[in-house]
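For reference, the structure is listed below as structure tokens.
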Amino acid sequence: MVKQVSIIVVYHSGYGHTKVQAESILEGAQSVDNANAKLLDADYAAANLEELASADAIIFGSPTYMGTVSAPFKAFMDASSSIWMEQGWTDKIAGGFTNSASQSGDKTGTLQTMSVFAAQHGMVWVGLDLPPGNNSTAGSEEALNRMGASMGAMAQSLADVGAEVNPPESDRKTAHYYGARISKAALRWAK
Ligand SMILES: Cc1cc2nc3c(=O)[nH]c(=O)nc-3n(C[C@H](O)[C@H](O)[C@H](O)COP(=O)(O)O)c2cc1C
């Protein structure tokens with residue numbers, strides 16, 4: 001019988017930009033045969049943790065606020081301590097993505113928070129296997145992984161434009177690629 005895996009994207013977005021990134025992650029995850037993916041808002045997930053029990057992979061997404069995850073996403077993290085008590089997410093595949101206004105914006109802090117969180121839960125963190133896209137004269141703002149991340153998918157949305165404009169296409173494509181990578185990892189990891 002062909003293996004099927006379930007991927008859940010748990011995300012928060014205050015103003016819609018990270019939601020656009022989450023939707024690209026979702027589309028990428030669903031683009032892989034035998035992978036079924038869905039989005040869960042972090043507020044909803046915090047109150048309905050049982051919906052995550054059957055997931056083979058959970059992808060965490062948050063805007064970077066003050067150099068780390070947003071308060072609603074942190075509330076989800078803290079709510080999951082009841083799952084931690086039972087180590088209920090052990091061996092699930094994990095990944096993370098974040099979006100902020102500045103080029104750096106201290107986004108690495110957000111992904112580090114998420115990866116430590118995943119490790120506390122005994123999850124298996126999967127990074128982004130794309131080379132940096134804009135760190136030489138051969139690169140550009142249009143390149144995949146223009147933000148040069150390796151822990152997960154990063155996006156940058158200029159502070160004064162709406163989610164219909166930013167994050168730009170390159171960041172959406174990077175998110176799509178990362179979503180597909182997580183589905184493939186879940187399929188390889190699933191028993
Ligand atoms: C409370 C708050 C804190 C923020 N902190 C940062 C930050 O540390 N670094 C950064 O580059 N942008 C920061 N921003 C900008 C957001 O990351 C950026 O606008 C992002 O696109 C918002 O995503 P959202 O629309 O999904 O909420 C902050 C915004 C808010 C509202």
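Identifiers in the structure tokens: chain A, B, ... in order shown; residue index from 1 per chain; ligand index from 1 in order shown.
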Distance query Glu141 of chain A at most 10 Å, only C-alpha atoms, self and fewer than 6 positions along chain excluded, as a ChimeraX atom specification: /A:133-135,147,168-171
Any chance you could export the current selection's N, CA and C atoms as a JSON list (two decimals), in the first residue's frame?
```
[["chain", "number", "residue", "atom", "x", "y", "z"],
["A", 133, "GLY", "N", 20.69, 32.62, -2.33],
["A", 133, "GLY", "CA", 20.37, 33.03, -3.70],
["A", 133, "GLY", "C", 20.87, 34.39, -4.10],
["A", 134, "ASN", "N", 21.36, 35.18, -3.15],
["A", 134, "ASN", "CA", 21.70, 36.56, -3.50],
["A", 134, "ASN", "C", 22.96, 37.01, -2.76],
["A", 135, "ASN", "N", 23.99, 36.16, -2.78],
["A", 135, "ASN", "CA", 25.21, 36.50, -2.05],
["A", 135, "ASN", "C", 26.43, 36.64, -2.96],
["A", 147, "MET", "N", 17.04, 35.31, 0.77],
["A", 147, "MET", "CA", 17.38, 35.72, 2.13],
["A", 147, "MET", "C", 18.58, 34.95, 2.69],
["A", 168, "PRO", "N", 7.56, 38.97, -1.81],
["A", 168, "PRO", "CA", 7.65, 38.89, -3.26],
["A", 168, "PRO", "C", 7.68, 37.44, -3.76],
["A", 169, "GLU", "N", 7.57, 37.34, -5.08],
["A", 169, "GLU", "CA", 7.49, 36.04, -5.75],
["A", 169, "GLU", "C", 8.64, 35.11, -5.35],
["A", 170, "SER", "N", 9.86, 35.65, -5.23],
["A", 170, "SER", "CA", 11.00, 34.78, -4.91],
["A", 170, "SER", "C", 10.82, 34.13, -3.54],
["A", 171, "ASP", "N", 10.29, 34.88, -2.59],
["A", 171, "ASP", "CA", 10.06, 34.31, -1.25],
["A", 171, "ASP", "C", 8.90, 33.32, -1.26]]
```
Contacts with ligand 1 at most 6 Å, only C-alpha atoms and all ligand atoms counted, listed as a PyMOL selection string: chain A and resi 13-19+63-67+99-102+105-106+157+159
Can I get the selection written as a tab-separated table (two decimals), in the first residue's frame, with all heavy atoms?
```tsv
chain	number	residue	atom	x	y	z
A	13	SER	N	-0.29	35.15	11.72
A	13	SER	CA	-0.01	36.30	10.87
A	13	SER	C	-0.86	37.47	11.36
A	13	SER	O	-2.08	37.38	11.35
A	13	SER	CB	-0.34	35.96	9.41
A	13	SER	OG	-0.09	37.08	8.58
A	14	GLY	N	-0.20	38.54	11.79
A	14	GLY	CA	-0.95	39.69	12.30
A	14	GLY	C	-1.59	40.51	11.20
A	14	GLY	O	-2.72	40.98	11.34
A	15	TYR	N	-0.88	40.66	10.07
A	15	TYR	CA	-1.33	41.59	9.02
A	15	TYR	C	-1.38	40.93	7.64
A	15	TYR	O	-1.49	41.62	6.64
A	15	TYR	CB	-0.44	42.83	9.00
A	15	TYR	CG	-0.39	43.50	10.36
A	15	TYR	CD1	0.60	43.16	11.30
A	15	TYR	CD2	-1.36	44.43	10.74
A	15	TYR	CE1	0.63	43.74	12.56
A	15	TYR	CE2	-1.34	45.01	12.00
A	15	TYR	CZ	-0.35	44.67	12.91
A	15	TYR	OH	-0.34	45.23	14.16
A	16	GLY	N	-1.27	39.61	7.59
A	16	GLY	CA	-1.48	38.88	6.34
A	16	GLY	C	-0.25	38.47	5.56
A	16	GLY	O	-0.34	37.61	4.68
A	17	HIS	N	0.90	39.07	5.83
A	17	HIS	CA	2.09	38.76	5.03
A	17	HIS	C	2.58	37.33	5.28
A	17	HIS	O	2.89	36.60	4.34
A	17	HIS	CB	3.22	39.75	5.34
A	17	HIS	CG	2.86	41.17	5.09
A	17	HIS	ND1	2.21	41.95	6.04
A	17	HIS	CD2	3.02	41.97	4.00
A	17	HIS	CE1	2.00	43.16	5.55
A	17	HIS	NE2	2.48	43.21	4.30
A	18	THR	N	2.62	36.93	6.54
A	18	THR	CA	3.07	35.58	6.85
A	18	THR	C	2.03	34.55	6.40
A	18	THR	O	2.37	33.41	6.08
A	18	THR	CB	3.37	35.45	8.35
A	18	THR	OG1	4.18	36.57	8.75
A	18	THR	CG2	4.11	34.16	8.67
A	19	LYS	N	0.78	34.98	6.32
A	19	LYS	CA	-0.27	34.08	5.82
A	19	LYS	C	-0.01	33.74	4.35
A	19	LYS	O	-0.19	32.59	3.93
A	19	LYS	CB	-1.65	34.73	5.98
A	19	LYS	CG	-2.77	33.81	5.54
A	19	LYS	CD	-4.13	34.41	5.79
A	19	LYS	CE	-5.20	33.37	5.44
A	19	LYS	NZ	-6.53	33.96	5.32
A	63	PRO	N	5.40	35.52	11.99
A	63	PRO	CA	6.18	36.71	11.66
A	63	PRO	C	7.25	36.89	12.73
A	63	PRO	O	7.09	36.40	13.85
A	63	PRO	CB	5.14	37.84	11.73
A	63	PRO	CG	4.04	37.33	12.61
A	63	PRO	CD	4.04	35.84	12.44
A	64	THR	N	8.33	37.56	12.38
A	64	THR	CA	9.30	37.95	13.41
A	64	THR	C	8.85	39.26	14.02
A	64	THR	O	8.72	40.27	13.33
A	64	THR	CB	10.71	38.08	12.79
A	64	THR	OG1	11.15	36.78	12.40
A	64	THR	CG2	11.70	38.65	13.82
A	65	TYR	N	8.52	39.18	15.29
A	65	TYR	CA	8.14	40.37	16.06
A	65	TYR	C	9.18	40.53	17.18
A	65	TYR	O	9.38	39.58	17.97
A	65	TYR	CB	6.76	40.21	16.69
A	65	TYR	CG	5.55	40.32	15.75
A	65	TYR	CD1	4.27	40.10	16.24
A	65	TYR	CD2	5.68	40.65	14.40
A	65	TYR	CE1	3.15	40.21	15.42
A	65	TYR	CE2	4.56	40.75	13.57
A	65	TYR	CZ	3.31	40.54	14.09
A	65	TYR	OH	2.19	40.64	13.27
A	66	MET	N	9.82	41.67	17.24
A	66	MET	CA	10.82	41.95	18.26
A	66	MET	C	11.89	40.84	18.32
A	66	MET	O	12.30	40.40	19.38
A	66	MET	CB	10.17	42.15	19.65
A	66	MET	CG	9.05	43.17	19.65
A	66	MET	SD	9.40	44.70	18.75
A	66	MET	CE	10.67	45.41	19.77
A	67	GLY	N	12.29	40.38	17.13
A	67	GLY	CA	13.40	39.43	17.03
A	67	GLY	C	13.08	37.99	17.37
A	67	GLY	O	13.99	37.15	17.44
A	99	ASN	N	8.76	35.58	8.46
A	99	ASN	CA	8.71	36.73	7.56
A	99	ASN	C	8.87	37.99	8.41
A	99	ASN	O	8.35	38.04	9.53
A	99	ASN	CB	7.33	36.70	6.88
A	99	ASN	CG	6.92	38.03	6.32
A	99	ASN	OD1	7.46	38.46	5.31
A	99	ASN	ND2	5.97	38.69	6.96
A	100	SER	N	9.65	38.95	7.91
A	100	SER	CA	9.76	40.21	8.65
A	100	SER	C	9.99	41.35	7.68
A	100	SER	O	10.18	41.13	6.48
A	100	SER	CB	10.89	40.14	9.69
A	100	SER	OG	12.14	40.40	9.09
A	101	ALA	N	10.02	42.55	8.21
A	101	ALA	CA	10.12	43.73	7.35
A	101	ALA	C	11.55	44.00	6.89
A	101	ALA	O	11.77	44.42	5.76
A	101	ALA	CB	9.56	44.95	8.07
A	102	SER	N	12.52	43.77	7.76
A	102	SER	CA	13.91	44.08	7.42
A	102	SER	C	14.59	42.91	6.73
A	102	SER	O	14.15	41.77	6.85
A	102	SER	CB	14.70	44.42	8.69
A	102	SER	OG	14.11	45.53	9.34
A	105	GLY	N	16.35	41.63	10.11
A	105	GLY	CA	15.21	41.70	11.02
A	105	GLY	C	15.32	40.75	12.20
A	105	GLY	O	14.37	40.59	12.95
A	106	ASP	N	16.48	40.10	12.30
A	106	ASP	CA	16.73	39.09	13.36
A	106	ASP	C	15.83	37.87	13.21
A	106	ASP	O	15.45	37.22	14.19
A	106	ASP	CB	16.63	39.73	14.75
A	106	ASP	CG	17.63	40.87	14.89
A	106	ASP	OD1	18.82	40.63	14.60
A	106	ASP	OD2	17.23	42.00	15.22
A	157	SER	N	8.93	41.24	3.86
A	157	SER	CA	7.83	42.06	3.35
A	157	SER	C	8.04	43.50	3.77
A	157	SER	O	8.06	43.80	4.97
A	157	SER	CB	6.49	41.56	3.93
A	157	SER	OG	6.24	40.23	3.55
A	159	ALA	N	7.55	47.12	4.98
A	159	ALA	CA	6.59	47.46	6.03
A	159	ALA	C	5.40	48.27	5.54
A	159	ALA	O	4.34	48.26	6.17
A	159	ALA	CB	7.31	48.22	7.15
```
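Closest approach to Val116 of chain A among A:Ala149, A:Met77, A:Ala186, A:Met1: A:Met77, based on only C-alpha atoms.
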Just want the 9 Å neighbourhood of segment 179-182 of chain A, counted on only C-alpha atoms, with same-chain residues fewer than 2 positions away dropped. Output as a PDB file with N, CA, C and O atoms, in the first residue's frame.
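The resulting file, result.pdb, is shown below:
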```pdb
ATOM      1  N   ILE A   7       0.556  16.626   6.665  1.00  0.00           N
ATOM      2  CA  ILE A   7       1.400  17.767   7.019  1.00  0.00           C
ATOM      3  C   ILE A   7       0.481  18.873   7.545  1.00  0.00           C
ATOM      4  O   ILE A   7      -0.492  19.238   6.867  1.00  0.00           O
ATOM      5  N   SER A  24       1.877  29.518   0.500  1.00  0.00           N
ATOM      6  CA  SER A  24       2.858  28.965  -0.443  1.00  0.00           C
ATOM      7  C   SER A  24       3.487  27.691   0.115  1.00  0.00           C
ATOM      8  O   SER A  24       3.729  26.728  -0.636  1.00  0.00           O
ATOM      9  N   ILE A  25       3.750  27.686   1.408  1.00  0.00           N
ATOM     10  CA  ILE A  25       4.248  26.461   2.054  1.00  0.00           C
ATOM     11  C   ILE A  25       3.239  25.334   1.847  1.00  0.00           C
ATOM     12  O   ILE A  25       3.588  24.200   1.478  1.00  0.00           O
ATOM     13  N   LEU A  26       1.962  25.650   2.090  1.00  0.00           N
ATOM     14  CA  LEU A  26       0.888  24.654   1.945  1.00  0.00           C
ATOM     15  C   LEU A  26       0.844  24.103   0.528  1.00  0.00           C
ATOM     16  O   LEU A  26       0.783  22.882   0.322  1.00  0.00           O
ATOM     17  N   GLU A  27       0.881  24.998  -0.465  1.00  0.00           N
ATOM     18  CA  GLU A  27       0.824  24.544  -1.859  1.00  0.00           C
ATOM     19  C   GLU A  27       2.005  23.649  -2.191  1.00  0.00           C
ATOM     20  O   GLU A  27       1.868  22.638  -2.885  1.00  0.00           O
ATOM     21  N   GLY A  28       3.173  23.994  -1.681  1.00  0.00           N
ATOM     22  CA  GLY A  28       4.355  23.156  -1.917  1.00  0.00           C
ATOM     23  C   GLY A  28       4.202  21.799  -1.265  1.00  0.00           C
ATOM     24  O   GLY A  28       4.506  20.756  -1.876  1.00  0.00           O
ATOM     25  N   ALA A  29       3.706  21.783  -0.041  1.00  0.00           N
ATOM     26  CA  ALA A  29       3.529  20.513   0.670  1.00  0.00           C
ATOM     27  C   ALA A  29       2.533  19.623  -0.065  1.00  0.00           C
ATOM     28  O   ALA A  29       2.720  18.410  -0.176  1.00  0.00           O
ATOM     29  N   GLN A  30       1.479  20.241  -0.612  1.00  0.00           N
ATOM     30  CA  GLN A  30       0.444  19.472  -1.314  1.00  0.00           C
ATOM     31  C   GLN A  30       0.879  19.043  -2.708  1.00  0.00           C
ATOM     32  O   GLN A  30       0.246  18.174  -3.310  1.00  0.00           O
ATOM     33  N   SER A  31       1.939  19.647  -3.221  1.00  0.00           N
ATOM     34  CA  SER A  31       2.380  19.318  -4.587  1.00  0.00           C
ATOM     35  C   SER A  31       3.064  17.954  -4.664  1.00  0.00           C
ATOM     36  O   SER A  31       3.321  17.448  -5.752  1.00  0.00           O
ATOM     37  N   VAL A  32       3.348  17.376  -3.511  1.00  0.00           N
ATOM     38  CA  VAL A  32       4.031  16.070  -3.478  1.00  0.00           C
ATOM     39  C   VAL A  32       2.977  14.964  -3.409  1.00  0.00           C
ATOM     40  O   VAL A  32       2.054  15.036  -2.585  1.00  0.00           O
ATOM     41  N   ALA A  57       4.065  15.507  10.020  1.00  0.00           N
ATOM     42  CA  ALA A  57       4.970  16.661  10.055  1.00  0.00           C
ATOM     43  C   ALA A  57       4.180  17.896  10.455  1.00  0.00           C
ATOM     44  O   ALA A  57       3.020  18.061  10.072  1.00  0.00           O
ATOM     45  N   ILE A  58       4.825  18.757  11.243  1.00  0.00           N
ATOM     46  CA  ILE A  58       4.234  20.053  11.593  1.00  0.00           C
ATOM     47  C   ILE A  58       5.226  21.132  11.178  1.00  0.00           C
ATOM     48  O   ILE A  58       6.410  21.071  11.527  1.00  0.00           O
ATOM     49  N   ILE A  59       4.729  22.086  10.402  1.00  0.00           N
ATOM     50  CA  ILE A  59       5.574  23.205   9.967  1.00  0.00           C
ATOM     51  C   ILE A  59       5.098  24.442  10.717  1.00  0.00           C
ATOM     52  O   ILE A  59       3.921  24.801  10.657  1.00  0.00           O
ATOM     53  N   ILE A  93       8.195  14.969  11.975  1.00  0.00           N
ATOM     54  CA  ILE A  93       9.062  15.883  11.230  1.00  0.00           C
ATOM     55  C   ILE A  93       8.636  17.323  11.555  1.00  0.00           C
ATOM     56  O   ILE A  93       7.442  17.603  11.697  1.00  0.00           O
ATOM     57  N   ALA A  94       9.619  18.218  11.673  1.00  0.00           N
ATOM     58  CA  ALA A  94       9.325  19.631  11.964  1.00  0.00           C
ATOM     59  C   ALA A  94      10.100  20.543  11.022  1.00  0.00           C
ATOM     60  O   ALA A  94      11.188  20.202  10.548  1.00  0.00           O
ATOM     61  N   GLY A  95       9.515  21.712  10.773  1.00  0.00           N
ATOM     62  CA  GLY A  95      10.212  22.745  10.008  1.00  0.00           C
ATOM     63  C   GLY A  95       9.629  24.095  10.400  1.00  0.00           C
ATOM     64  O   GLY A  95       8.632  24.155  11.143  1.00  0.00           O
ATOM     65  N   VAL A 126      13.933  19.685   9.953  1.00  0.00           N
ATOM     66  CA  VAL A 126      14.423  19.647   8.567  1.00  0.00           C
ATOM     67  C   VAL A 126      14.684  21.076   8.098  1.00  0.00           C
ATOM     68  O   VAL A 126      13.777  21.909   8.079  1.00  0.00           O
ATOM     69  N   GLY A 127      15.921  21.360   7.740  1.00  0.00           N
ATOM     70  CA  GLY A 127      16.287  22.693   7.274  1.00  0.00           C
ATOM     71  C   GLY A 127      16.013  22.871   5.787  1.00  0.00           C
ATOM     72  O   GLY A 127      15.426  22.013   5.122  1.00  0.00           O
ATOM     73  N   LEU A 128      16.427  24.009   5.295  1.00  0.00           N
ATOM     74  CA  LEU A 128      16.251  24.342   3.873  1.00  0.00           C
ATOM     75  C   LEU A 128      17.550  24.001   3.140  1.00  0.00           C
ATOM     76  O   LEU A 128      18.623  24.465   3.522  1.00  0.00           O
ATOM     77  N   ASP A 129      17.439  23.187   2.099  1.00  0.00           N
ATOM     78  CA  ASP A 129      18.646  22.713   1.404  1.00  0.00           C
ATOM     79  C   ASP A 129      18.963  23.527   0.149  1.00  0.00           C
ATOM     80  O   ASP A 129      19.633  23.025  -0.753  1.00  0.00           O
ATOM     81  N   THR A 174      10.297  30.203  -2.705  1.00  0.00           N
ATOM     82  CA  THR A 174      11.156  29.548  -1.707  1.00  0.00           C
ATOM     83  C   THR A 174      10.292  28.781  -0.704  1.00  0.00           C
ATOM     84  O   THR A 174      10.603  27.640  -0.326  1.00  0.00           O
ATOM     85  N   ALA A 175       9.199  29.414  -0.278  1.00  0.00           N
ATOM     86  CA  ALA A 175       8.277  28.760   0.656  1.00  0.00           C
ATOM     87  C   ALA A 175       7.660  27.513   0.022  1.00  0.00           C
ATOM     88  O   ALA A 175       7.544  26.465   0.669  1.00  0.00           O
ATOM     89  N   HIS A 176       7.290  27.603  -1.248  1.00  0.00           N
ATOM     90  CA  HIS A 176       6.717  26.460  -1.967  1.00  0.00           C
ATOM     91  C   HIS A 176       7.726  25.311  -1.990  1.00  0.00           C
ATOM     92  O   HIS A 176       7.387  24.150  -1.705  1.00  0.00           O
ATOM     93  N   TYR A 177       8.959  25.639  -2.308  1.00  0.00           N
ATOM     94  CA  TYR A 177      10.009  24.618  -2.351  1.00  0.00           C
ATOM     95  C   TYR A 177      10.158  23.949  -0.977  1.00  0.00           C
ATOM     96  O   TYR A 177      10.266  22.719  -0.869  1.00  0.00           O
ATOM     97  N   LYS A 184       8.366  15.575   1.361  1.00  0.00           N
ATOM     98  CA  LYS A 184       9.258  14.478   0.939  1.00  0.00           C
ATOM     99  C   LYS A 184       9.971  13.875   2.143  1.00  0.00           C
ATOM    100  O   LYS A 184      10.135  12.660   2.238  1.00  0.00           O
ATOM    101  N   ALA A 185      10.382  14.722   3.078  1.00  0.00           N
ATOM    102  CA  ALA A 185      11.046  14.216   4.286  1.00  0.00           C
ATOM    103  C   ALA A 185      10.079  13.359   5.105  1.00  0.00           C
ATOM    104  O   ALA A 185      10.458  12.296   5.624  1.00  0.00           O
ATOM    105  N   ALA A 186       8.823  13.806   5.199  1.00  0.00           N
ATOM    106  CA  ALA A 186       7.829  13.043   5.965  1.00  0.00           C
ATOM    107  C   ALA A 186       7.593  11.675   5.323  1.00  0.00           C
ATOM    108  O   ALA A 186       7.450  10.664   6.017  1.00  0.00           O
ATOM    109  N   LEU A 187       7.564  11.649   3.994  1.00  0.00           N
ATOM    110  CA  LEU A 187       7.357  10.373   3.301  1.00  0.00           C
ATOM    111  C   LEU A 187       8.537   9.429   3.519  1.00  0.00           C
ATOM    112  O   LEU A 187       8.369   8.221   3.689  1.00  0.00           O
TER     113      LEU A 187
END
```
Residue list (strand (DSSP E or B), DSSP) for segment 67-158 of chain A, as a PyMOL selection string: chain A and resi 68+93-100+124-125+153-156
